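Asks: Pasting a structure below so you can have a look.
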Amino acid sequence: MKRLFFLVLGLLLTQLTVAQDKYFDSNGVSIHYIDQGAGVPIVLVHGRGGSLQGWIDNGVLPNLAKDYRVIAFDLRGHGLSAKPHTQQQYGKEMALDIIRLMDHLGIDKAHIIGYSPGANIVAQLLVLHPERFITATLGGSAGRFRWTANDDEIVEREASETERLGFSPSFDIRISPPNTVKATDEEIKKRSAAALVNPAGDRFAMAAIIRSSRDQIISPEQAAAVKVPTLGIAGSKDTFLSKLQDLKQLRPGLQLVIVENGTHAGEGDTRKRPEFIAAIRQFIASNTQAPLK
């Protein structure tokens, strides 16, 4: 009887989650989102190759939804959102999708949390539309404000690998802690075979996203001038921690939290550490006023 009860409960919870799936048209592109909880709104922005499901799996969304209205969505090119193949459909458009979603939901201002490339999108939004955000959290990245010719080479290499293999081994290396053992040719081959048949992925859309990175560049001066209260959070073993430390030099008002032994992804993923959600909750609770204009 107890087993039957939990089975029925599981089915009901599954149906509830499905019922909450929603879509809206963002300048001709269908965007999938969910809207849970009540109170002051928080928008969650996932990273490259992820989806809103990641915020559920790592516990961030259900935790925040206890006390806030939480909106999570699949970035265009990801999850259940539409996946255009042209580079022009990404870049800055990925940031503007968030403003359009907030407009669609009648939200004037919100807290916003981004992770990895999602944090780069948030950093650009703080330049484009700072008036729409109460606070911002940049997890695992700090925005594209130190762009060099080497970044152009990285982008093209990772985009080309993604088109060919369905994923980028070079990107995996970039986000892995130092001294991580490099994947063997056989491991890459097996992962590629799985990626190329994965119906949830679209390698050509992902390659277009990667190549659109230049359209998300902000200047150091713009990054330094942001007045929205901002939290930076990364693991001590995150290879992108230095980017947040650079931003801290530009913008001393940035609150920086370093999670000891946290990594960008995989085992030790900072997002799954209790310090991650604790830092976000404390930061949001201590910044209830609207941002300076």
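Ordering of the structure tokens sets the chain letters (A, B, ...); residue numbers start at 1 within each chain; ligands are numbered from 1 in the order shown.
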Residues within 12 Å of Ile277 (chain A), please, as a ChimeraX atom specification. Count only C-alpha atoms; anything in the same chain fewer than 2 positions from it doesn't count.
Replies: /A:55,58-64,113,137,139,231,233-234,257,259,270-275,279-284
Asks: For the selection you just gave me, I'd like the residues written to a file as a CSV table (one decimal), in the first residue's frame, keeping N, CA and C atoms.
Replies:
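So the final result, stored in out.csv, reads:
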chain,number,residue,atom,x,y,z
A,55,TRP,N,18.6,23.6,-13.0
A,55,TRP,CA,18.3,24.3,-11.8
A,55,TRP,C,17.4,23.5,-10.8
A,58,ASN,N,19.9,20.5,-9.4
A,58,ASN,CA,20.8,20.9,-8.4
A,58,ASN,C,20.2,21.5,-7.2
A,59,GLY,N,18.9,21.6,-7.2
A,59,GLY,CA,18.1,22.0,-6.0
A,59,GLY,C,18.0,23.5,-5.8
A,60,VAL,N,18.5,24.3,-6.7
A,60,VAL,CA,18.5,25.8,-6.6
A,60,VAL,C,17.0,26.3,-6.8
A,61,LEU,N,16.4,25.8,-7.8
A,61,LEU,CA,15.0,26.3,-8.1
A,61,LEU,C,14.0,25.9,-7.0
A,62,PRO,N,13.9,24.6,-6.6
A,62,PRO,CA,13.0,24.3,-5.5
A,62,PRO,C,13.3,25.0,-4.2
A,63,ASN,N,14.6,25.2,-3.9
A,63,ASN,CA,14.9,25.9,-2.7
A,63,ASN,C,14.4,27.4,-2.7
A,64,LEU,N,14.7,28.1,-3.8
A,64,LEU,CA,14.3,29.5,-3.9
A,64,LEU,C,12.8,29.7,-4.0
A,113,ILE,N,20.0,35.5,-11.7
A,113,ILE,CA,21.1,34.6,-11.4
A,113,ILE,C,21.5,33.9,-12.6
A,137,THR,N,23.5,37.9,-9.8
A,137,THR,CA,24.5,37.0,-9.3
A,137,THR,C,25.2,36.4,-10.5
A,139,GLY,N,27.6,33.5,-11.5
A,139,GLY,CA,28.2,32.3,-11.0
A,139,GLY,C,29.2,31.7,-12.1
A,231,LEU,N,26.6,39.9,-6.9
A,231,LEU,CA,27.4,38.9,-6.2
A,231,LEU,C,28.1,38.0,-7.2
A,233,ILE,N,30.2,34.4,-7.5
A,233,ILE,CA,30.4,33.2,-6.8
A,233,ILE,C,31.1,32.1,-7.7
A,234,ALA,N,32.1,31.5,-7.2
A,234,ALA,CA,32.8,30.5,-7.9
A,234,ALA,C,33.6,29.6,-6.9
A,257,VAL,N,32.2,35.6,-3.4
A,257,VAL,CA,32.2,34.4,-2.5
A,257,VAL,C,33.0,33.3,-3.3
A,259,VAL,N,33.9,29.3,-3.0
A,259,VAL,CA,33.5,28.1,-2.4
A,259,VAL,C,34.8,27.2,-2.4
A,270,THR,N,30.1,23.6,-8.0
A,270,THR,CA,29.8,24.6,-7.0
A,270,THR,C,28.3,24.8,-6.8
A,271,ARG,N,27.5,24.7,-7.9
A,271,ARG,CA,26.1,24.8,-7.8
A,271,ARG,C,25.4,23.8,-6.9
A,272,LYS,N,26.0,22.7,-6.7
A,272,LYS,CA,25.5,21.7,-5.8
A,272,LYS,C,25.9,21.8,-4.4
A,273,ARG,N,26.8,22.7,-4.1
A,273,ARG,CA,27.3,22.9,-2.7
A,273,ARG,C,26.3,23.8,-1.9
A,274,PRO,N,26.1,23.5,-0.6
A,274,PRO,CA,25.2,24.3,0.2
A,274,PRO,C,25.6,25.7,0.3
A,275,GLU,N,26.9,26.0,0.2
A,275,GLU,CA,27.4,27.4,0.2
A,275,GLU,C,26.9,28.2,-0.9
A,279,ALA,N,24.8,31.6,0.0
A,279,ALA,CA,25.3,32.9,-0.4
A,279,ALA,C,24.3,33.7,-1.2
A,280,ILE,N,23.6,33.0,-2.1
A,280,ILE,CA,22.6,33.7,-2.9
A,280,ILE,C,21.5,34.2,-2.0
A,281,ARG,N,21.0,33.3,-1.1
A,281,ARG,CA,19.9,33.7,-0.3
A,281,ARG,C,20.3,34.9,0.6
A,282,GLN,N,21.4,34.9,1.2
A,282,GLN,CA,21.9,36.0,2.1
A,282,GLN,C,22.0,37.3,1.3
A,283,PHE,N,22.6,37.2,0.1
A,283,PHE,CA,22.8,38.4,-0.7
A,283,PHE,C,21.4,39.0,-1.2
A,284,ILE,N,20.5,38.2,-1.6
A,284,ILE,CA,19.2,38.7,-2.0
A,284,ILE,C,18.5,39.3,-0.8
Asks: With DSSP run on the backbone, what are the strand (DSSP E or B) residues within region 66-126 of chain A? I'd like them as a ChimeraX atom specification.
Replies: /A:69-73,110-115
Asks: Could you write out that same residue set with N, CA and C atoms as a tab-separated table (two decimals), in the first residue's frame?
Replies:
chain	number	residue	atom	x	y	z
A	69	ARG	N	9.16	34.02	-6.13
A	69	ARG	CA	8.64	33.61	-7.43
A	69	ARG	C	9.84	33.36	-8.34
A	70	VAL	N	10.02	32.15	-8.82
A	70	VAL	CA	11.22	31.78	-9.57
A	70	VAL	C	10.84	31.44	-11.01
A	71	ILE	N	11.48	32.13	-11.94
A	71	ILE	CA	11.27	31.88	-13.37
A	71	ILE	C	12.55	31.31	-13.95
A	72	ALA	N	12.46	30.10	-14.49
A	72	ALA	CA	13.59	29.48	-15.17
A	72	ALA	C	13.17	29.19	-16.61
A	73	PHE	N	14.10	29.28	-17.53
A	73	PHE	CA	13.76	29.06	-18.93
A	73	PHE	C	14.91	28.38	-19.66
A	110	ALA	N	13.43	42.32	-11.25
A	110	ALA	CA	13.65	40.99	-10.67
A	110	ALA	C	15.09	40.85	-10.24
A	111	HIS	N	15.34	39.91	-9.34
A	111	HIS	CA	16.70	39.44	-9.10
A	111	HIS	C	17.04	38.50	-10.26
A	112	ILE	N	18.30	38.43	-10.63
A	112	ILE	CA	18.68	37.53	-11.72
A	112	ILE	C	19.96	36.79	-11.35
A	113	ILE	N	19.99	35.49	-11.68
A	113	ILE	CA	21.12	34.63	-11.37
A	113	ILE	C	21.54	33.91	-12.65
A	114	GLY	N	22.81	34.04	-13.02
A	114	GLY	CA	23.32	33.34	-14.19
A	114	GLY	C	24.55	32.53	-13.85
A	115	TYR	N	24.74	31.44	-14.58
A	115	TYR	CA	25.90	30.59	-14.32
A	115	TYR	C	26.63	30.30	-15.61
Asks: I want to know what sits within 12 Å of Glu93 (chain A), based on only C-alpha atoms, with residues of the same chain fewer than 2 positions away left out; could you give that as a count of residues only?
Replies: 30
Asks: How many Å separate CA of Pro169 (chain A) from CA of Leu138 (chain A)?
Replies: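 Between CA of Pro169 (chain A) and CA of Leu138 (chain A) the gap works out to 24.4 Å.
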Asks: From the set A:Arg214, A:Lys22, A:Lys227, A:Lys237, which residue has the shortest atom-to-atom contact distance to Thr180 (chain A), counting only C-alpha atoms?
Replies: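 Smallest distance to Thr180 (chain A) is found for A:Lys237.
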Asks: So, counting only C-alpha atoms, which residue among A:Asp103, A:Asp202, A:Asp152, A:Glu186 is closest to Gly166 (chain A)?
Replies: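 Closest residue, counting only C-alpha atoms: A:Asp202.
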Asks: If you measure from CA of Thr162 (chain A) to CA of Met206 (chain A), what distance in Å do you get, rounded to one decimal?
Replies: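 Those two atoms sit 7.1 Å apart.
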Asks: Would you please work out which residue, of A:Ile210, A:Lys182, A:Arg144, A:Phe133, is nearest to Arg157 (chain A) when using only C-alpha atoms?
Replies: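 Closest residue, counting only C-alpha atoms: A:Ile210.
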Asks: Write down as a ChimeraX atom specification the residues belonging to region 185-231 of chain A that are assigned helix (DSSP H, G or I) by DSSP computed on the backbone.
Replies: /A:185-197,203-216,220-225
Asks: With only C-alpha atoms as the atoms that count, which of A:Asp238, A:Asp25, A:Asp246, A:Glu156 lies nearest to Gly140 (chain A)?
Replies: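 Residue with the minimum atom-to-atom distance to Gly140 (chain A): A:Asp238.
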Asks: Which residue, A:Thr135, A:Gln249, A:Ile34, A:Gly39, has the smallest gap to Ile56 (chain A) when you use only C-alpha atoms?
Replies: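 Nearest to Ile56 (chain A): A:Ile34.
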